[in-house]
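protein_28.cif follows (mmCIF, C-alpha atoms and all ligand atoms):
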```cif
data_entry
loop_
_atom_site.label_atom_id
_atom_site.label_comp_id
_atom_site.auth_asym_id
_atom_site.auth_seq_id
_atom_site.Cartn_x
_atom_site.Cartn_y
_atom_site.Cartn_z
CA MET A 1161 102.88 -225.77 -2.39
CA ASN A 1162 102.80 -222.00 -2.98
CA LEU A 1163 99.19 -221.36 -3.94
CA THR A 1164 99.71 -217.63 -4.55
CA GLU A 1165 102.27 -218.47 -7.24
CA LEU A 1166 100.08 -221.21 -8.78
CA ASN A 1167 97.22 -218.72 -8.90
CA ARG A 1168 99.45 -216.10 -10.51
CA VAL A 1169 100.47 -218.52 -13.30
CA ALA A 1170 96.91 -219.78 -13.83
CA THR A 1171 95.63 -216.20 -14.08
CA ALA A 1172 98.41 -215.22 -16.50
CA LEU A 1173 97.44 -218.11 -18.80
CA VAL A 1174 93.92 -216.74 -19.25
CA VAL A 1175 94.67 -213.00 -19.30
CA PRO A 1176 92.21 -211.20 -21.64
CA GLY A 1177 93.58 -210.86 -25.18
CA LYS A 1178 95.80 -213.94 -24.97
CA GLY A 1179 95.41 -217.72 -24.98
CA ILE A 1180 97.35 -220.96 -25.11
CA LEU A 1181 99.01 -222.59 -28.11
CA ALA A 1182 98.58 -226.37 -27.81
CA ALA A 1183 101.67 -227.57 -29.70
CA ASP A 1184 101.87 -230.85 -27.79
CA GLU A 1185 100.93 -233.31 -30.51
CA SER A 1186 102.44 -236.72 -29.82
CA SER A 1187 104.83 -238.08 -32.45
CA GLY A 1188 101.94 -240.15 -33.88
CA THR A 1189 99.58 -237.18 -34.13
CA ILE A 1190 102.10 -234.76 -35.65
CA LYS A 1191 102.95 -237.43 -38.24
CA LYS A 1192 99.28 -237.45 -39.29
CA ARG A 1193 99.33 -233.63 -39.57
CA PHE A 1194 102.59 -233.71 -41.57
CA ASP A 1195 101.29 -236.49 -43.84
CA ALA A 1196 98.42 -234.18 -44.78
CA ILE A 1197 100.87 -231.51 -46.00
CA GLY A 1198 103.33 -233.98 -47.54
CA VAL A 1199 106.10 -233.49 -44.99
CA ASP A 1200 108.25 -236.29 -43.57
CA SER A 1201 107.95 -236.38 -39.79
CA THR A 1202 111.50 -236.49 -38.41
CA GLU A 1203 112.97 -235.11 -35.21
CA GLU A 1204 114.42 -232.28 -37.28
CA SER A 1205 111.28 -231.42 -39.26
CA ARG A 1206 109.23 -231.40 -36.05
CA ARG A 1207 111.82 -229.10 -34.48
CA ASP A 1208 111.93 -226.79 -37.52
CA TYR A 1209 108.15 -226.53 -37.58
CA ARG A 1210 107.82 -225.73 -33.90
CA GLU A 1211 110.76 -223.34 -33.99
CA MET A 1212 108.93 -221.46 -36.74
CA LEU A 1213 105.90 -221.07 -34.46
CA PHE A 1214 107.87 -220.03 -31.37
CA ARG A 1215 109.83 -217.47 -33.39
CA SER A 1216 106.62 -215.83 -34.66
CA THR A 1217 107.27 -212.68 -32.67
CA GLU A 1218 103.97 -210.91 -33.29
CA ALA A 1219 101.84 -213.92 -32.36
CA MET A 1220 103.93 -214.99 -29.40
CA ASN A 1221 104.49 -211.55 -27.84
CA ARG A 1222 100.95 -210.27 -28.22
CA TYR A 1223 98.47 -213.14 -28.28
CA ILE A 1224 100.00 -216.28 -26.73
CA SER A 1225 100.08 -216.64 -22.94
CA GLY A 1226 101.48 -220.18 -22.80
CA VAL A 1227 102.61 -223.06 -25.01
CA ILE A 1228 101.94 -226.74 -24.30
CA LEU A 1229 104.89 -228.86 -25.40
CA TYR A 1230 105.37 -232.57 -26.00
CA ASP A 1231 108.18 -234.36 -24.16
CA GLU A 1232 110.44 -234.45 -27.23
CA THR A 1233 110.07 -230.69 -27.80
CA ILE A 1234 110.78 -229.54 -24.26
CA TRP A 1235 114.29 -231.06 -24.54
CA GLN A 1236 114.99 -229.79 -28.07
CA ASP A 1237 117.17 -226.86 -29.12
CA ALA A 1238 116.54 -224.45 -31.99
CA LYS A 1239 118.86 -224.61 -35.02
CA ASP A 1240 121.18 -222.05 -33.41
CA GLY A 1241 121.41 -224.06 -30.17
CA THR A 1242 118.94 -222.01 -28.07
CA PRO A 1243 116.63 -224.31 -26.11
CA LEU A 1244 113.09 -224.03 -27.53
CA VAL A 1245 111.86 -223.41 -23.97
CA LYS A 1246 114.05 -220.27 -23.87
CA LEU A 1247 112.50 -218.99 -27.11
CA ILE A 1248 109.08 -219.29 -25.51
CA GLU A 1249 110.16 -217.63 -22.27
CA SER A 1250 111.82 -214.74 -24.07
CA SER A 1251 108.54 -213.97 -25.88
CA GLY A 1252 106.87 -213.60 -22.47
CA ALA A 1253 104.84 -216.81 -22.82
CA ILE A 1254 104.88 -219.58 -20.22
CA PRO A 1255 106.16 -223.05 -21.18
CA GLY A 1256 103.89 -226.00 -20.34
CA ILE A 1257 104.10 -229.76 -20.84
CA LYS A 1258 101.70 -232.54 -21.78
CA VAL A 1259 102.28 -235.24 -19.18
CA ASP A 1260 99.68 -237.87 -19.93
CA GLU A 1261 100.88 -240.87 -21.92
CA GLY A 1262 97.80 -241.30 -24.08
CA THR A 1263 94.84 -243.62 -23.74
CA GLN A 1264 94.38 -247.36 -23.34
CA ALA A 1265 91.28 -249.54 -23.70
CA LEU A 1266 89.26 -249.46 -20.49
CA PRO A 1267 88.64 -253.03 -19.31
CA MET A 1268 84.98 -254.13 -19.17
CA CYS A 1269 83.92 -251.01 -21.10
CA PRO A 1270 83.98 -251.76 -24.87
CA GLY A 1271 84.85 -248.71 -26.97
CA GLU A 1272 85.96 -246.60 -24.00
CA THR A 1273 89.39 -245.50 -22.80
CA ILE A 1274 91.34 -244.49 -19.73
CA THR A 1275 94.19 -241.99 -19.90
CA VAL A 1276 97.44 -243.35 -18.49
CA GLY A 1277 100.72 -241.86 -17.21
CA LEU A 1278 100.41 -241.56 -13.44
CA ASP A 1279 103.29 -243.95 -12.70
CA ARG A 1280 106.48 -241.99 -11.94
CA LEU A 1281 104.64 -238.74 -12.69
CA ALA A 1282 106.03 -237.05 -9.56
CA GLU A 1283 109.63 -237.59 -10.74
CA ARG A 1284 108.83 -236.49 -14.29
CA LEU A 1285 107.18 -233.29 -13.04
CA LYS A 1286 110.29 -232.43 -11.06
CA LYS A 1287 112.45 -232.65 -14.22
CA TYR A 1288 109.97 -230.64 -16.27
CA TYR A 1289 109.89 -227.92 -13.61
CA GLU A 1290 113.69 -227.71 -13.67
CA ARG A 1291 113.54 -227.34 -17.45
CA GLY A 1292 111.12 -224.40 -17.12
CA ALA A 1293 107.59 -225.85 -17.31
CA ARG A 1294 105.18 -223.97 -15.06
CA PHE A 1295 102.00 -225.71 -16.16
CA ALA A 1296 100.99 -229.13 -17.46
CA LYS A 1297 98.18 -230.84 -19.37
CA TRP A 1298 96.39 -234.16 -19.01
CA ARG A 1299 93.64 -235.08 -21.47
CA ALA A 1300 90.84 -237.53 -20.63
CA VAL A 1301 88.74 -238.65 -23.59
CA ILE A 1302 85.02 -239.34 -23.35
CA ASP A 1303 83.20 -240.53 -26.45
CA ILE A 1304 79.47 -240.24 -27.07
CA GLY A 1305 77.76 -243.15 -28.82
CA SER A 1306 75.08 -245.71 -28.35
CA GLY A 1307 75.21 -246.78 -24.69
CA ILE A 1308 78.32 -244.69 -23.97
CA PRO A 1309 79.77 -242.98 -22.06
CA SER A 1310 79.43 -245.34 -19.11
CA MET A 1311 79.54 -244.03 -15.56
CA THR A 1312 82.64 -246.22 -15.18
CA ALA A 1313 84.56 -244.34 -17.89
CA ILE A 1314 83.54 -240.94 -16.52
CA SER A 1315 84.43 -241.92 -13.00
CA VAL A 1316 87.87 -243.49 -13.59
CA ASN A 1317 88.93 -240.69 -15.92
CA ALA A 1318 87.85 -238.03 -13.40
CA HIS A 1319 89.78 -239.89 -10.72
CA ALA A 1320 92.94 -239.94 -12.86
CA LEU A 1321 92.57 -236.24 -13.73
CA ALA A 1322 92.38 -235.36 -10.05
CA ARG A 1323 95.37 -237.59 -9.19
CA TYR A 1324 97.37 -235.81 -11.89
CA ALA A 1325 96.22 -232.35 -10.75
CA ALA A 1326 97.18 -232.99 -7.13
CA LEU A 1327 100.65 -234.27 -8.17
CA CYS A 1328 101.15 -231.15 -10.32
CA GLN A 1329 100.27 -228.74 -7.55
CA ALA A 1330 102.58 -230.56 -5.14
CA ALA A 1331 105.34 -230.04 -7.75
CA GLN A 1332 104.46 -226.31 -8.08
CA ILE A 1333 103.04 -226.79 -11.58
CA VAL A 1334 99.59 -225.51 -12.61
CA PRO A 1335 97.46 -228.40 -13.87
CA ILE A 1336 95.34 -227.90 -16.96
CA VAL A 1337 92.50 -230.32 -16.38
CA GLU A 1338 91.15 -231.48 -19.75
CA PRO A 1339 88.14 -233.78 -19.79
CA GLU A 1340 87.34 -233.80 -23.53
CA VAL A 1341 83.92 -234.97 -24.67
CA LEU A 1342 84.50 -235.73 -28.36
CA MET A 1343 82.43 -234.04 -31.08
CA ASP A 1344 82.92 -236.92 -33.54
CA GLY A 1345 79.47 -238.52 -33.27
CA ASP A 1346 76.01 -237.83 -34.71
CA HIS A 1347 74.58 -236.58 -31.39
CA ASP A 1348 72.93 -233.18 -31.08
CA ILE A 1349 74.04 -230.28 -28.88
CA ASP A 1350 71.68 -231.20 -26.04
CA ARG A 1351 73.19 -234.67 -25.72
CA CYS A 1352 76.67 -233.09 -25.68
CA TYR A 1353 75.44 -230.69 -22.97
CA GLU A 1354 74.06 -233.50 -20.83
CA VAL A 1355 77.18 -235.70 -21.11
CA THR A 1356 79.58 -232.76 -20.53
CA GLN A 1357 77.59 -231.78 -17.45
CA ARG A 1358 78.00 -235.27 -15.98
CA VAL A 1359 81.70 -235.27 -16.82
CA LEU A 1360 82.39 -231.82 -15.32
CA ASN A 1361 80.40 -232.55 -12.16
CA LYS A 1362 82.27 -235.79 -11.59
CA THR A 1363 85.61 -234.13 -12.34
CA PHE A 1364 85.06 -231.33 -9.80
CA GLN A 1365 83.83 -233.86 -7.24
CA GLU A 1366 87.11 -235.80 -7.61
CA LEU A 1367 89.20 -232.62 -7.55
CA ARG A 1368 87.59 -231.73 -4.22
CA ILE A 1369 88.02 -235.24 -2.77
CA GLN A 1370 91.72 -235.16 -3.68
CA ARG A 1371 92.18 -231.65 -2.22
CA VAL A 1372 93.17 -229.91 -5.43
CA ALA A 1373 93.20 -226.12 -4.94
CA LEU A 1374 90.75 -224.78 -7.51
CA GLU A 1375 92.50 -221.37 -7.40
CA GLY A 1376 95.63 -222.99 -8.85
CA MET A 1377 94.25 -224.78 -11.91
CA VAL A 1378 92.83 -224.13 -15.37
CA LEU A 1379 89.98 -226.12 -16.92
CA LYS A 1380 90.24 -227.12 -20.58
CA PRO A 1381 86.80 -228.29 -21.67
CA ASN A 1382 84.99 -228.89 -24.93
CA MET A 1383 82.21 -226.51 -25.85
CA ALA A 1384 78.56 -227.62 -25.82
CA ILE A 1385 78.34 -228.30 -29.54
CA SER A 1386 76.61 -230.57 -32.08
CA GLY A 1387 78.37 -233.78 -33.10
CA LYS A 1388 80.13 -233.38 -36.46
CA LYS A 1389 77.85 -235.96 -38.07
CA SER A 1390 74.62 -234.57 -36.61
CA PRO A 1391 72.12 -233.36 -39.20
CA LYS A 1392 71.12 -230.66 -36.68
CA GLN A 1393 74.00 -228.17 -36.41
CA ALA A 1394 73.56 -225.59 -33.65
CA SER A 1395 74.17 -221.93 -34.51
CA VAL A 1396 77.08 -219.89 -33.11
CA GLU A 1397 74.68 -218.15 -30.71
CA GLU A 1398 73.24 -221.46 -29.45
CA VAL A 1399 76.71 -222.93 -28.87
CA ALA A 1400 77.76 -219.80 -26.96
CA GLU A 1401 74.60 -219.61 -24.88
CA LYS A 1402 74.52 -223.32 -23.95
CA THR A 1403 78.26 -223.51 -23.24
CA ILE A 1404 78.13 -220.54 -20.87
CA ARG A 1405 75.02 -221.90 -19.14
CA LEU A 1406 76.73 -225.27 -18.71
CA LEU A 1407 80.00 -223.84 -17.41
CA LYS A 1408 78.23 -221.52 -14.97
CA ALA A 1409 76.35 -224.52 -13.60
CA CYS A 1410 79.44 -226.73 -13.22
CA VAL A 1411 82.61 -224.65 -12.78
CA PRO A 1412 83.16 -222.89 -9.42
CA ALA A 1413 84.14 -219.21 -9.59
CA ALA A 1414 87.29 -220.09 -7.60
CA VAL A 1415 88.77 -221.52 -10.83
CA PRO A 1416 90.79 -218.64 -12.37
CA GLY A 1417 90.25 -219.67 -15.96
CA ILE A 1418 88.81 -221.84 -18.67
CA ALA A 1419 90.68 -222.41 -21.95
CA PHE A 1420 88.81 -224.35 -24.63
CA LEU A 1421 90.12 -227.06 -26.93
CA SER A 1422 89.03 -226.73 -30.56
CA GLY A 1423 88.24 -230.42 -30.99
CA GLY A 1424 87.76 -230.48 -34.76
CA GLN A 1425 85.89 -227.20 -35.24
CA SER A 1426 86.96 -225.14 -38.25
CA ASP A 1427 89.38 -222.29 -37.52
CA GLU A 1428 86.74 -219.64 -37.91
CA GLU A 1429 84.05 -221.51 -35.96
CA ALA A 1430 86.38 -221.91 -32.98
CA THR A 1431 87.05 -218.17 -33.04
CA ALA A 1432 83.40 -217.17 -33.56
CA HIS A 1433 82.21 -219.38 -30.68
CA LEU A 1434 84.70 -217.93 -28.20
CA ASN A 1435 83.86 -214.42 -29.32
CA ALA A 1436 80.10 -214.97 -28.96
CA MET A 1437 80.57 -216.26 -25.41
CA HIS A 1438 82.22 -212.99 -24.42
CA LYS A 1439 79.14 -211.12 -25.61
CA LEU A 1440 77.26 -212.90 -22.79
CA GLY A 1441 79.48 -211.52 -19.99
CA PRO A 1442 80.37 -210.62 -17.37
CA LEU A 1443 81.78 -214.09 -16.64
CA PRO A 1444 83.06 -215.40 -13.31
CA TRP A 1445 86.34 -216.80 -14.73
CA GLY A 1446 88.80 -215.89 -17.49
CA LEU A 1447 87.68 -217.51 -20.74
CA THR A 1448 90.05 -218.09 -23.63
CA PHE A 1449 91.46 -220.58 -26.14
CA SER A 1450 93.92 -223.45 -25.84
CA TYR A 1451 93.68 -224.51 -29.45
CA GLY A 1452 95.78 -227.04 -31.31
CA ARG A 1453 94.28 -227.60 -34.73
CA ALA A 1454 92.37 -224.29 -34.92
CA LEU A 1455 95.64 -222.35 -34.45
CA GLN A 1456 97.96 -224.57 -36.46
CA ALA A 1457 96.07 -225.83 -39.51
CA ALA A 1458 96.69 -222.58 -41.44
CA PRO A 1459 100.42 -222.20 -40.60
CA GLN A 1460 101.03 -225.89 -41.32
CA LYS A 1461 99.54 -225.52 -44.77
CA ALA A 1462 101.38 -222.27 -45.52
CA TRP A 1463 104.72 -223.75 -44.37
CA SER A 1464 104.43 -227.19 -45.98
CA GLY A 1465 107.91 -228.12 -44.79
CA LYS A 1466 109.78 -225.57 -46.92
CA ALA A 1467 112.34 -223.15 -45.45
CA GLU A 1468 111.30 -220.48 -47.97
CA ASN A 1469 107.75 -220.61 -46.56
CA VAL A 1470 108.68 -219.82 -42.96
CA ALA A 1471 107.55 -216.18 -43.24
CA ALA A 1472 104.22 -217.26 -44.77
CA GLY A 1473 103.72 -219.84 -42.00
CA GLN A 1474 104.46 -217.25 -39.34
CA SER A 1475 102.10 -214.77 -40.89
CA ALA A 1476 99.30 -217.40 -41.01
CA PHE A 1477 99.96 -218.22 -37.35
CA SER A 1478 99.98 -214.55 -36.35
CA HIS A 1479 96.67 -214.01 -38.10
CA ARG A 1480 94.91 -216.89 -36.29
CA ALA A 1481 96.49 -215.95 -32.98
CA ARG A 1482 95.30 -212.35 -33.40
CA MET A 1483 91.76 -213.44 -34.36
CA ASN A 1484 91.54 -215.63 -31.27
CA GLY A 1485 93.14 -212.95 -29.09
CA LEU A 1486 90.39 -210.56 -30.18
CA ALA A 1487 87.75 -213.25 -29.61
CA SER A 1488 89.01 -213.67 -26.04
CA LYS A 1489 87.82 -210.10 -25.46
CA GLY A 1490 84.65 -210.32 -27.58
CA GLU A 1491 86.22 -207.95 -30.13
CA TRP A 1492 86.43 -210.22 -33.17
CA GLN A 1493 84.31 -209.71 -36.32
CA SER A 1494 84.14 -211.98 -39.33
CA SER A 1495 85.07 -209.04 -41.61
CA LEU A 1496 88.58 -209.13 -40.06
CA GLU A 1497 89.04 -212.60 -41.57
CA GLN A 1498 88.60 -211.36 -45.11
CA LYS A 1499 91.45 -208.92 -44.65
CA ALA A 1500 93.85 -211.82 -44.06
CA ASP A 1501 97.17 -212.05 -46.01
P1 LIG B 1 92.58 -229.23 -30.50
O1 LIG B 1 92.36 -227.75 -30.30
O2 LIG B 1 93.13 -229.58 -31.85
O3 LIG B 1 91.38 -230.03 -30.09
O4 LIG B 1 93.77 -229.63 -29.52
C1 LIG B 1 93.77 -229.12 -28.25
C2 LIG B 1 94.39 -230.09 -27.32
O5 LIG B 1 95.35 -229.77 -26.66
C3 LIG B 1 93.81 -231.44 -27.22
O6 LIG B 1 94.34 -232.10 -26.12
#
```
What is this structure when it is put down as C-alpha cells?
Amino acid sequence: MNLTELNRVATALVVPGKGILAADESSGTIKKRFDAIGVDSTEESRRDYREMLFRSTEAMNRYISGVILYDETIWQDAKDGTPLVKLIESSGAIPGIKVDEGTQALPMCPGETITVGLDRLAERLKKYYERGARFAKWRAVIDIGSGIPSMTAISVNAHALARYAALCQAAQIVPIVEPEVLMDGDHDIDRCYEVTQRVLNKTFQELRIQRVALEGMVLKPNMAISGKKSPKQASVEEVAEKTIRLLKACVPAAVPGIAFLSGGQSDEEATAHLNAMHKLGPLPWGLTFSYGRALQAAPQKAWSGKAENVAAGQSAFSHRARMNGLASKGEWQSSLEQKAD
C-alpha cells in the first residue's frame, strides 16, 4: 500500500470548490428515477444520460473532483466509442466505483439490514483499478424507528465497512466509508445526532481495529438533520451547527475529508447546509458534497430522455454543480439561485 498516493487522491476528492458526483445508482434505483421523468430505463438510455453528465464540460472541469460509477457504467463506452471512464479522466475528475452489492435483511433484527458484497471483493477491486478507478464507495444503511437501530445493526455494518475499507487500501483504492443514517422517519434532529454519533464512533472503532489508514480514506456521512416526517424541522443554522459539533466529536483530524450524501434533502437545502457549515470554520478536514439526488434531480428533469434537451440538462447540472462548488467554500448565496437559466 502506498499511503502517500492514497492520501493524495483522498485530498484531491475534497479540494475546496469541488465535490463528488454520485452517479452510481443501481439499475433498480435509476429505473425509479427514469420512471419519474417518463424515460424507459435501458442500457442505452442509462448510457446516454450519464454521457450527458460526463460531457458537461463546465461542471466537470470546474466543480467535480470525482464521479462514483455503478458497475455497468464503468465498462460502458460513449456513443463515439470512448470509454466513459476516459471522459471523466479527461475532465480532470477521478473515476470511482460503488462496490457494495446492496442490502439484505439482517437476521434476528426485524426491519434492519446489512450491506453485502465482501465476497470476491479483492478480485473485483483489482479489475476496477485496472479500468481506472482510484476510489470506491460502500454504503451501510441505518434506519431510525421505534426500537431501532439496534446495537447489532450498527456493529455488523461498521465491521463490514471496515473490512471493505481495508481491502480497498490493500488494492491501492481510496475507500469512501458511508454509514448513512436515514432521514426518512419522524424523529427530530437530536435523535438523529445521537444515533449518528453512535454509528460514527463504532465505525471509527472498527476502522482502527482493522488497521485502516485514516489518512487514506474519505467519510461520507449524513448531516445531523430532522427526519422528513418530523413536525419539528431544524433551521439551516441548527443543522450546520449540530453537524459540525457532531463531526468534530467523532471524526479524527487525520481523515483528509468528509463528503456528505444528500439523503432526500431538496437541492437548495443540501447546498445551503454545506454552505452554512463553512461559515463555522476553520475545520480540521476538507468538507464537501458527494450528492446523488441533489445534483441530478434538475438535470434529469431538464433532459427527460430527449436528445434535443441535452444542452438544457447539461446547463441544469452545471448550475447545481456550481452552487455546491461555491457552498464548499462558504461562498454561496440564495440570490445566486434566482439567476438560474
Ligand atoms: P444521495 O445524495 O441521493 O443521498 O446519494 C448519495 C449516495 O451516493 C448514496 O449512497
Any residue with an atom at most 8 Å from ligand LIG 1 (chain B) counts, using all atoms listed in the file. Which are they? Put them as a short mmCIF file (atom, residue, chain, number, x, y, z; two decimals) with C-alpha atoms, keeping the file's coordinate frame.
```cif
data_model
loop_
_atom_site.label_atom_id
_atom_site.label_comp_id
_atom_site.auth_asym_id
_atom_site.auth_seq_id
_atom_site.Cartn_x
_atom_site.Cartn_y
_atom_site.Cartn_z
CA ALA A 1182 98.58 -226.37 -27.81
CA ALA A 1183 101.67 -227.57 -29.70
CA ASP A 1184 101.87 -230.85 -27.79
CA GLU A 1185 100.93 -233.31 -30.51
CA ILE A 1228 101.94 -226.74 -24.30
CA LYS A 1297 98.18 -230.84 -19.37
CA TRP A 1298 96.39 -234.16 -19.01
CA ARG A 1299 93.64 -235.08 -21.47
CA GLU A 1338 91.15 -231.48 -19.75
CA GLU A 1340 87.34 -233.80 -23.53
CA PHE A 1420 88.81 -224.35 -24.63
CA LEU A 1421 90.12 -227.06 -26.93
CA SER A 1422 89.03 -226.73 -30.56
CA GLY A 1423 88.24 -230.42 -30.99
CA GLY A 1424 87.76 -230.48 -34.76
CA SER A 1450 93.92 -223.45 -25.84
CA TYR A 1451 93.68 -224.51 -29.45
CA GLY A 1452 95.78 -227.04 -31.31
CA ARG A 1453 94.28 -227.60 -34.73
CA ALA A 1454 92.37 -224.29 -34.92
CA LEU A 1455 95.64 -222.35 -34.45
#
```
message = So that I can see what lies close to range 1466-1469 of chain A, please list as a list in words the residues with an atom at most 12 Å from it, counting only C-alpha atoms and leaving out residues fewer than 3 positions away in the same chain.
response =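 These residues fall inside the cut-off: Ile1197, Gly1198, Val1199, Asp1200, Ser1205, Asp1208, Tyr1209, Glu1211, Met1212, Pro1459, Gln1460, Lys1461, Ala1462, Trp1463, Ala1472, Gly1473, Gln1474, Ser1475 and Ala1476 of chain A.
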Nearby residues (all atoms listed in the file) at most 10 Å from Glu1204 in chain A, same-chain spacing under 5 positions excluded, as a list in words =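 Using all atoms listed in the file, the neighbours found are Tyr1209, Arg1210, Gln1236, Ala1238 and Lys1239 of chain A.
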Report as a CSV table (one decimal) with C-alpha atoms, in the frame of the given file all protein, DNA and RNA residues lying within 9 Å of range 1369-1382 of chain A, evaluated on all atoms listed in the file, omitting residues in the same chain fewer than 2 positions from it.
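What ended up in out13.csv:
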```
chain,number,residue,atom,x,y,z
A,1163,LEU,CA,99.2,-221.4,-3.9
A,1164,THR,CA,99.7,-217.6,-4.6
A,1165,GLU,CA,102.3,-218.5,-7.2
A,1166,LEU,CA,100.1,-221.2,-8.8
A,1167,ASN,CA,97.2,-218.7,-8.9
A,1168,ARG,CA,99.4,-216.1,-10.5
A,1169,VAL,CA,100.5,-218.5,-13.3
A,1170,ALA,CA,96.9,-219.8,-13.8
A,1171,THR,CA,95.6,-216.2,-14.1
A,1173,LEU,CA,97.4,-218.1,-18.8
A,1174,VAL,CA,93.9,-216.7,-19.2
A,1295,PHE,CA,102.0,-225.7,-16.2
A,1297,LYS,CA,98.2,-230.8,-19.4
A,1299,ARG,CA,93.6,-235.1,-21.5
A,1319,HIS,CA,89.8,-239.9,-10.7
A,1322,ALA,CA,92.4,-235.4,-10.0
A,1323,ARG,CA,95.4,-237.6,-9.2
A,1325,ALA,CA,96.2,-232.4,-10.8
A,1326,ALA,CA,97.2,-233.0,-7.1
A,1329,GLN,CA,100.3,-228.7,-7.6
A,1333,ILE,CA,103.0,-226.8,-11.6
A,1334,VAL,CA,99.6,-225.5,-12.6
A,1335,PRO,CA,97.5,-228.4,-13.9
A,1336,ILE,CA,95.3,-227.9,-17.0
A,1337,VAL,CA,92.5,-230.3,-16.4
A,1338,GLU,CA,91.2,-231.5,-19.8
A,1339,PRO,CA,88.1,-233.8,-19.8
A,1340,GLU,CA,87.3,-233.8,-23.5
A,1341,VAL,CA,83.9,-235.0,-24.7
A,1342,LEU,CA,84.5,-235.7,-28.4
A,1343,MET,CA,82.4,-234.0,-31.1
A,1356,THR,CA,79.6,-232.8,-20.5
A,1360,LEU,CA,82.4,-231.8,-15.3
A,1364,PHE,CA,85.1,-231.3,-9.8
A,1365,GLN,CA,83.8,-233.9,-7.2
A,1366,GLU,CA,87.1,-235.8,-7.6
A,1367,LEU,CA,89.2,-232.6,-7.6
A,1384,ALA,CA,78.6,-227.6,-25.8
A,1385,ILE,CA,78.3,-228.3,-29.5
A,1403,THR,CA,78.3,-223.5,-23.2
A,1411,VAL,CA,82.6,-224.6,-12.8
A,1412,PRO,CA,83.2,-222.9,-9.4
A,1413,ALA,CA,84.1,-219.2,-9.6
A,1414,ALA,CA,87.3,-220.1,-7.6
A,1415,VAL,CA,88.8,-221.5,-10.8
A,1416,PRO,CA,90.8,-218.6,-12.4
A,1417,GLY,CA,90.2,-219.7,-16.0
A,1418,ILE,CA,88.8,-221.8,-18.7
A,1419,ALA,CA,90.7,-222.4,-22.0
A,1420,PHE,CA,88.8,-224.4,-24.6
A,1421,LEU,CA,90.1,-227.1,-26.9
A,1422,SER,CA,89.0,-226.7,-30.6
A,1423,GLY,CA,88.2,-230.4,-31.0
A,1449,PHE,CA,91.5,-220.6,-26.1
A,1450,SER,CA,93.9,-223.4,-25.8
```
inquiry  = List the spatial neighbours of Met1161 in chain A as a list in words - criterion: any atom at most 8 Å away, only C-alpha atoms, same-chain residues fewer than 3 positions off excluded.
reply    =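 The filter keeps Gln1329, Ala1330, Ala1331 and Gln1332 of chain A.
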Go ahead and save the picked residues with C-alpha atoms, as a tab-separated table (two decimals), in the coordinates of the input.
```tsv
chain	number	residue	atom	x	y	z
A	1329	GLN	CA	100.27	-228.74	-7.55
A	1330	ALA	CA	102.58	-230.56	-5.14
A	1331	ALA	CA	105.34	-230.04	-7.75
A	1332	GLN	CA	104.46	-226.31	-8.08
```
Option closest in space to Arg1405 in chain A, from A:Glu1354, A:Pro1255, A:Ser1386, A:Gln1425 [counting all atoms listed in the file] = A:Glu1354
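Within the 8 Å cut-off around Ile1314 in chain A, using only C-alpha atoms and omitting residues fewer than 5 positions from it on the same chain, the listed residues are A:Ile1302, A:Pro1309, A:Arg1358, A:Val1359, A:Lys1362.
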ask   = If you measure from CA of Ile1248 in chain A to CA of Gln1456 in chain A, what distance in Å do you get, rounded to one decimal?
value = 16.5 Å
inquiry  = Between CA of Gly1345 in chain A and CA of Ala1313 in chain A, what is the distance in Å, rounded to a tenth?
reply    = 17.2 Å
request  = Using CA of Asp1346 in chain A and CA of Lys1408 in chain A as the two end points, give the distance in Å to one decimal.
outcome  =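 Between CA of Asp1346 in chain A and CA of Lys1408 in chain A the gap is 25.7 Å.
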Name the residues within 8 Å of (91.6, -212.0, -21.1), counting all atoms listed in the file in the file's coordinates, and put them as a PDB file with C-alpha atoms, in the frame of the given file.
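The resulting result_36.pdb:
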```pdb
ATOM      1  CA  VAL A1174      93.920-216.740 -19.250  1.00  0.00           C
ATOM      2  CA  VAL A1175      94.670-213.000 -19.300  1.00  0.00           C
ATOM      3  CA  PRO A1176      92.210-211.200 -21.640  1.00  0.00           C
ATOM      4  CA  GLY A1177      93.580-210.860 -25.180  1.00  0.00           C
ATOM      5  CA  LYS A1178      95.800-213.940 -24.970  1.00  0.00           C
ATOM      6  CA  GLY A1179      95.410-217.720 -24.980  1.00  0.00           C
ATOM      7  CA  GLY A1446      88.800-215.890 -17.490  1.00  0.00           C
ATOM      8  CA  LEU A1447      87.680-217.510 -20.740  1.00  0.00           C
ATOM      9  CA  THR A1448      90.050-218.090 -23.630  1.00  0.00           C
ATOM     10  CA  SER A1488      89.010-213.670 -26.040  1.00  0.00           C
ATOM     11  CA  LYS A1489      87.820-210.100 -25.460  1.00  0.00           C
TER      12      LYS A1489
END
```
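Of the residues under consideration (A:Ala1400, A:Ile1190, A:Cys1352, A:Met1220), A:Ile1190 shows the shortest atom-to-atom contact distance to Glu1203 in chain A when counting all atoms listed in the file.
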request  = Taking the point (104.8, -212.3, -24.2) as given in the file, collect each protein or nucleic acid residue that comes within 9 Å of it, counting only C-alpha atoms, and present the set as a list in words.
outcome  =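 Taken together, the residues in range are Thr1217, Ala1219, Met1220, Asn1221, Arg1222, Tyr1223, Ile1224, Ser1225, Gly1226, Ile1248, Glu1249, Ser1250, Ser1251, Gly1252, Ala1253 and Ile1254 of chain A.
Counting all atoms listed in the file and comparing A:Met1483, A:Val1355, A:Leu1181, A:Cys1410, the residue that lies closest to Gly1256 in chain A is A:Leu1181.
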